[in-house]
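Visitor: One file is attached below, start_34.txt, containing compact mmCIF, C-alpha atoms.
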```txt
# COMPACT_ATOMS: atom_id res chain seq x y z
CA MET G 205 0.12 0.17 19.97
CA LYS G 206 -1.05 3.34 21.71
CA LYS G 207 -4.67 4.28 22.09
CA GLN G 208 -6.71 4.10 18.93
CA GLN G 209 -6.73 7.51 17.20
CA SER G 210 -4.45 8.86 19.94
CA ARG G 211 -3.30 11.56 17.52
CA GLY G 212 -6.82 12.08 16.23
CA ASN G 213 -8.96 12.30 19.32
CA PHE G 214 -11.46 14.94 18.21
CA THR G 215 -12.91 15.57 21.65
CA GLY G 216 -14.28 19.11 21.86
CA ILE G 217 -14.24 19.84 18.12
CA SER G 218 -17.09 17.68 16.78
CA LYS G 219 -18.87 20.72 15.27
CA LYS G 220 -15.71 21.86 13.49
CA PHE G 221 -15.09 18.29 12.34
CA ALA G 222 -18.58 17.99 10.87
CA ARG G 223 -18.33 21.36 9.13
CA ASN G 224 -14.81 20.97 7.72
CA ILE G 225 -15.06 17.32 6.71
CA TYR G 226 -18.68 16.58 5.88
CA GLY G 227 -19.84 20.07 4.96
CA SER G 228 -17.50 20.24 1.96
CA THR G 229 -17.40 18.80 -1.55
CA LYS G 230 -14.55 16.52 -0.51
CA GLY G 231 -16.70 15.09 2.30
CA ARG G 232 -19.72 14.67 0.04
CA LEU G 233 -17.62 12.79 -2.51
CA ARG G 234 -16.18 10.56 0.18
CA MET G 235 -19.62 9.66 1.48
CA ALA G 236 -21.02 9.03 -2.01
CA VAL G 237 -18.19 6.67 -2.89
CA LEU G 238 -18.50 4.78 0.40
CA LYS G 239 -22.24 4.40 -0.01
CA ARG G 240 -21.77 3.01 -3.53
CA ASP G 241 -19.13 0.52 -2.36
CA LEU G 242 -21.11 -0.57 0.71
CA ALA G 243 -24.52 -0.82 -1.00
CA PRO G 244 -24.43 -4.67 -1.24
CA PHE G 245 -23.94 -4.84 2.54
CA ILE G 246 -26.42 -2.09 3.38
CA ASP G 247 -29.12 -3.77 1.28
CA GLY G 248 -28.02 -7.31 2.17
CA PRO G 249 -28.94 -9.71 5.01
CA LYS G 250 -29.33 -8.13 8.43
CA ARG G 251 -26.28 -8.40 10.65
CA THR G 252 -24.45 -6.73 13.53
CA VAL G 253 -21.97 -4.20 12.18
CA LEU G 254 -18.96 -3.08 14.22
CA ASP G 255 -17.98 0.51 13.35
CA VAL G 256 -14.52 1.37 14.69
CA GLY G 257 -13.64 5.07 14.95
CA ALA G 258 -17.22 5.80 13.92
CA GLY G 259 -17.15 9.52 14.70
CA LEU G 260 -20.53 11.16 14.17
CA GLY G 261 -22.08 7.97 12.80
CA GLN G 262 -23.04 9.13 9.31
CA VAL G 263 -21.96 5.86 7.68
CA ASN G 264 -23.51 3.46 10.17
CA GLU G 265 -26.71 5.51 9.92
CA TRP G 266 -27.26 3.85 6.52
CA PHE G 267 -27.10 0.43 8.16
CA LEU G 268 -29.37 1.34 11.07
CA ALA G 269 -31.97 2.72 8.65
CA LYS G 270 -32.04 -0.68 6.91
CA GLY G 271 -32.55 -2.63 10.14
CA HIS G 272 -29.01 -3.78 10.86
CA ALA G 273 -27.65 -3.68 14.41
CA VAL G 274 -24.62 -1.41 14.92
CA ILE G 275 -21.95 -1.17 17.60
CA HIS G 276 -20.64 2.40 17.31
CA THR G 277 -17.20 2.90 18.85
CA ASP G 278 -14.86 5.87 19.10
CA ILE G 279 -12.40 7.31 21.63
CA ALA G 280 -13.93 10.82 21.58
CA GLN G 281 -16.81 10.83 24.06
CA ASP G 282 -18.51 13.92 22.66
CA MET G 283 -18.44 12.45 19.15
CA VAL G 284 -20.14 9.31 20.42
CA MET G 285 -22.72 11.35 22.34
CA GLU G 286 -23.47 13.53 19.32
CA ALA G 287 -23.80 10.48 17.09
CA GLN G 288 -26.28 8.98 19.54
CA GLN G 289 -28.27 12.23 19.63
CA ASN G 290 -28.35 12.38 15.83
CA HIS G 291 -29.52 8.77 15.64
CA GLU G 292 -32.18 9.43 18.28
CA GLN G 293 -33.56 12.32 16.21
CA LEU G 294 -33.84 9.95 13.27
CA GLY G 295 -35.41 7.18 15.35
CA LEU G 296 -32.48 4.83 14.73
CA THR G 297 -31.17 3.94 18.20
CA ARG G 298 -33.25 0.81 18.86
CA ARG G 299 -30.59 -1.47 17.38
CA ALA G 300 -27.55 0.68 18.20
CA GLN G 301 -24.95 0.35 20.95
CA TYR G 302 -22.45 3.12 21.74
CA MET G 303 -19.00 2.63 23.23
CA VAL G 304 -16.15 5.02 24.08
CA THR G 305 -13.32 2.53 23.61
CA PRO G 306 -9.97 2.38 21.78
CA LEU G 307 -9.48 -0.29 19.15
CA GLU G 308 -6.99 -2.33 21.12
CA GLU G 309 -9.50 -2.73 23.99
CA LEU G 310 -12.49 -3.78 21.89
CA ALA G 311 -11.77 -7.50 22.08
CA THR G 312 -11.78 -7.23 25.88
CA GLN G 313 -14.91 -5.07 25.95
CA LEU G 314 -16.68 -7.40 23.50
CA PRO G 315 -15.51 -10.81 24.76
CA ASP G 316 -16.03 -13.79 22.44
CA GLN G 317 -17.66 -11.60 19.79
CA GLN G 318 -16.70 -11.54 16.13
CA PHE G 319 -18.42 -9.73 13.29
CA SER G 320 -19.21 -10.48 9.67
CA LEU G 321 -18.77 -6.79 8.78
CA ILE G 322 -16.41 -4.27 10.36
CA LEU G 323 -16.18 -0.64 9.26
CA CYS G 324 -12.90 1.15 9.95
CA HIS G 325 -12.73 4.45 8.11
CA ALA G 326 -10.10 7.17 8.55
CA VAL G 327 -8.56 5.50 11.61
CA LEU G 328 -5.36 3.90 10.34
CA GLU G 329 -3.73 7.28 9.67
CA TRP G 330 -4.21 8.35 13.29
CA VAL G 331 -2.78 5.35 15.17
CA ASP G 332 0.92 4.96 15.87
CA ASP G 333 1.09 1.29 14.88
CA GLY G 334 -0.92 0.54 11.76
CA LYS G 335 0.23 -3.07 11.61
CA ALA G 336 -1.02 -3.75 15.14
CA ALA G 337 -4.33 -2.07 14.28
CA LEU G 338 -4.86 -4.49 11.38
CA HIS G 339 -4.17 -7.45 13.67
CA HIS G 340 -6.69 -6.18 16.23
CA LEU G 341 -9.30 -5.83 13.49
CA ALA G 342 -8.54 -9.32 12.15
CA LYS G 343 -9.21 -10.83 15.58
CA LEU G 344 -12.65 -9.20 15.64
CA LEU G 345 -13.58 -10.41 12.14
CA LYS G 346 -15.45 -13.67 11.57
CA LEU G 347 -14.15 -16.23 9.11
CA GLY G 348 -15.63 -15.24 5.77
CA GLY G 349 -16.32 -11.74 7.09
CA THR G 350 -15.49 -8.40 5.45
CA LEU G 351 -13.50 -5.44 6.70
CA SER G 352 -14.30 -2.10 5.05
CA LEU G 353 -11.03 -0.21 5.47
CA MET G 354 -10.51 3.38 4.36
CA PHE G 355 -7.18 5.11 4.97
CA TYR G 356 -5.32 8.29 4.02
CA ASN G 357 -3.00 7.61 1.09
CA ARG G 358 0.55 8.90 1.54
CA ASP G 359 1.36 8.47 -2.15
CA ALA G 360 -1.59 10.67 -3.14
CA GLN G 361 -0.60 13.23 -0.52
CA LEU G 362 2.85 13.45 -2.07
CA MET G 363 1.42 13.74 -5.60
CA ALA G 364 -1.01 16.51 -4.64
CA ASN G 365 1.74 18.52 -2.97
CA ALA G 366 3.97 18.11 -6.03
CA VAL G 367 1.13 19.42 -8.24
CA TYR G 368 0.90 22.49 -6.02
CA GLY G 369 4.65 23.01 -5.91
CA ASN G 370 5.10 22.29 -2.20
CA PHE G 371 8.56 20.88 -2.79
CA ASP G 372 9.96 21.92 0.60
CA TYR G 373 7.16 20.03 2.34
CA ILE G 374 7.94 16.92 0.29
CA ALA G 375 11.65 17.31 1.09
CA ARG G 376 10.76 17.26 4.81
CA GLY G 377 9.15 13.87 4.32
CA LEU G 378 5.64 15.38 4.38
CA GLN G 379 6.23 16.52 7.95
CA VAL G 380 4.43 19.73 8.88
CA LYS G 381 6.11 22.46 10.92
CA LYS G 382 2.94 23.00 12.93
CA THR G 383 0.41 20.25 13.55
CA VAL G 384 -3.10 20.90 12.25
CA ARG G 385 -5.52 18.93 14.39
CA LEU G 386 -7.81 17.76 11.58
CA SER G 387 -4.93 16.79 9.26
CA PRO G 388 -3.99 13.09 9.44
CA GLN G 389 -0.58 12.67 11.03
CA GLN G 390 0.24 9.14 9.83
CA PRO G 391 -0.63 8.86 6.11
CA ARG G 392 -0.12 5.28 4.98
CA ARG G 393 1.70 3.90 1.97
CA PRO G 394 -0.67 1.43 0.25
CA GLN G 395 2.12 -1.12 -0.17
CA ASP G 396 2.69 -1.09 3.60
CA VAL G 397 -1.02 -1.60 4.27
CA GLU G 398 -1.08 -4.50 1.80
CA GLN G 399 1.78 -6.12 3.68
CA TRP G 400 0.04 -5.70 7.04
CA ILE G 401 -3.15 -7.20 5.60
CA THR G 402 -1.25 -10.24 4.35
CA GLU G 403 0.49 -10.68 7.70
CA ALA G 404 -2.91 -10.53 9.44
CA LYS G 405 -4.02 -13.45 7.21
CA LEU G 406 -6.57 -11.33 5.36
CA CYS G 407 -7.04 -10.84 1.62
CA ILE G 408 -8.06 -7.80 -0.42
CA GLU G 409 -11.26 -8.28 -2.43
CA SER G 410 -11.56 -4.85 -4.06
CA LYS G 411 -9.91 -1.42 -4.13
CA THR G 412 -11.44 2.01 -4.71
CA GLY G 413 -9.78 5.41 -4.82
CA VAL G 414 -11.62 8.20 -3.00
CA ARG G 415 -11.17 11.69 -4.51
CA CYS G 416 -9.01 10.68 -7.46
CA PHE G 417 -9.50 14.04 -9.20
CA HIS G 418 -10.98 16.54 -6.72
CA ASP G 419 -7.80 17.19 -4.74
CA TYR G 420 -5.67 17.84 -7.81
CA LEU G 421 -7.80 20.68 -9.17
CA ARG G 422 -5.74 23.86 -9.12
CA GLU G 423 -8.80 26.06 -9.63
CA VAL G 424 -10.75 25.79 -6.38
CA GLU G 425 -14.02 26.82 -8.04
CA HIS G 426 -13.85 23.63 -10.11
CA GLN G 427 -14.30 21.66 -6.87
CA GLN G 428 -17.80 23.14 -6.68
CA ARG G 429 -18.86 21.41 -9.90
CA TYR G 430 -19.95 18.54 -7.72
CA ASP G 431 -22.20 16.55 -10.06
CA GLU G 432 -19.60 16.49 -12.84
CA LEU G 433 -16.87 15.54 -10.40
CA LEU G 434 -18.98 12.79 -8.87
CA ASP G 435 -19.66 11.28 -12.30
CA LEU G 436 -15.94 11.36 -13.06
CA GLU G 437 -15.00 9.78 -9.75
CA MET G 438 -17.57 7.00 -10.01
CA GLU G 439 -16.50 6.11 -13.54
CA TYR G 440 -12.76 5.90 -12.93
CA ASN G 441 -12.11 5.37 -9.21
CA GLN G 442 -11.84 1.59 -9.47
CA GLN G 443 -9.56 1.71 -12.52
CA SER G 444 -5.78 2.06 -12.58
CA PRO G 445 -3.98 4.44 -12.66
CA PHE G 446 -6.72 6.76 -11.35
CA ARG G 447 -7.62 4.50 -8.41
CA GLU G 448 -4.12 4.78 -6.97
CA LEU G 449 -4.35 8.60 -7.02
CA GLY G 450 -7.27 8.66 -4.57
CA ARG G 451 -6.51 10.81 -1.51
CA TYR G 452 -8.12 7.99 0.45
CA GLN G 453 -8.14 4.31 -0.38
CA HIS G 454 -11.24 2.24 0.36
CA TRP G 455 -10.55 -1.49 0.35
CA LEU G 456 -12.91 -4.37 1.03
CA ILE G 457 -10.93 -7.09 2.80
CA ARG G 458 -11.97 -10.66 3.54
CA LYS G 459 -11.02 -13.12 6.23
CA ALA G 460 -10.94 -16.32 4.22
CA SER G 461 -12.95 -19.28 5.51
CA GLU G 462 -10.81 -22.15 6.68
```
Kindly return the structure encoded in the file as structure tokens.

Guide:
Amino acid sequence: MKKQQSRGNFTGISKKFARNIYGSTKGRLRMAVLKRDLAPFIDGPKRTVLDVGAGLGQVNEWFLAKGHAVIHTDIAQDMVMEAQQNHEQLGLTRRAQYMVTPLEELATQLPDQQFSLILCHAVLEWVDDGKAALHHLAKLLKLGGTLSLMFYNRDAQLMANAVYGNFDYIARGLQVKKTVRLSPQQPRRPQDVEQWITEAKLCIESKTGVRCFHDYLREVEHQQRYDELLDLEMEYNQQSPFRELGRYQHWLIRKASE
């Protein structure tokens, strides 16, 4: 496996990343869904949370605010620095640790440490070897622990492009002619991820689709009807067949106790 997020090292573009991803309705929906799914952990017993590919730290901010300890890791140094600065402004750094480290080196950098909760959001679609990434995460997870895994859904990417008539793009196997730096380069088929999870001796506890409706709206102005869209997403994003249409999949995965 090459360096974690080797295709998605956002060094030098943290401002653009924050604006394009989190300053949009799609980013707001993503964060709202994650916060709903993670609420039992955020409000639960205090623990040390490992956040892999943590970016600007918006998700682990919820945990820090509730008194959890967080190890924030990413391979983009300026993202880690900006996350630390943001946390400092909010008075949240007392229980935070920041590391510029790829996933495959975390076990070496954190010797003999395992975690009852690992966050790994929007990382799997940037690494070259998704199967190896799952095995690295499994090694860092305690028995009985939970992995919060969110990944870019190749099936939903295909469906959205069919809706918009991008048939030539689909015919090329969803391969772009010119790489866009913020566009995930390794979208994952959910059935492949399920297989990797099984092989890593983990089990899926729950599945949620993220943006099951938003990305299929052909009238862009409808994406601005945020409250209505959020209600729709929250009602249907854990039900089939809508769940499977989510542009991202958010799965809670357990490492069964022996």

Visitor: Considering all atoms listed in the file, return as a PyMOL selection string whatever protein or nucleic-acid residues lie within 12 Å of Leu434 in chain G, sequence-local ones (same chain, fewer than 4 positions apart) excluded.

Guide: chain G and resi 229-237+240+414-418+427-430+438-441

Visitor: Please determine an axis-aligned box that encloses all atoms of range 307-322 of chain G listed in the file, with 4 Å added on each side, and express its centre and edge lengths in Å to one decimal as AutoDock Vina command-line options.

Guide:
```
--center_x -13.1 --center_y -7.0 --center_z 17.4 --size_x 20.2 --size_y 21.5 --size_z 25.2
```

Visitor: Anything within 7 Å of (-9.8, 1.9, 20.4): list those residues as a PyMOL selection string, counting only C-alpha atoms and sticking to the file's coordinates.

Guide: chain G and resi 207-208+278-279+305-310

Visitor: Using only C-alpha atoms, pick whichever of G:Ala342, G:Val263, G:Leu294, G:Ile275 has the shortest atom-to-atom distance to Asp241 in chain G.

Guide: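 Looking at the shortest contact to Asp241 in chain G, the residue is G:Val263.
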
Visitor: Determine, counting only C-alpha atoms, which protein, DNA and RNA residues have an atom within 10 Å of an atom of Ala311 in chain G; residues of the same chain fewer than 5 positions away are not included. Present the result as a list in words.

Guide: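 So, after excluding close chain neighbours, the residues are Asp316, Gln317, Gln318, His340, Leu341, Lys343 and Leu344 of chain G.
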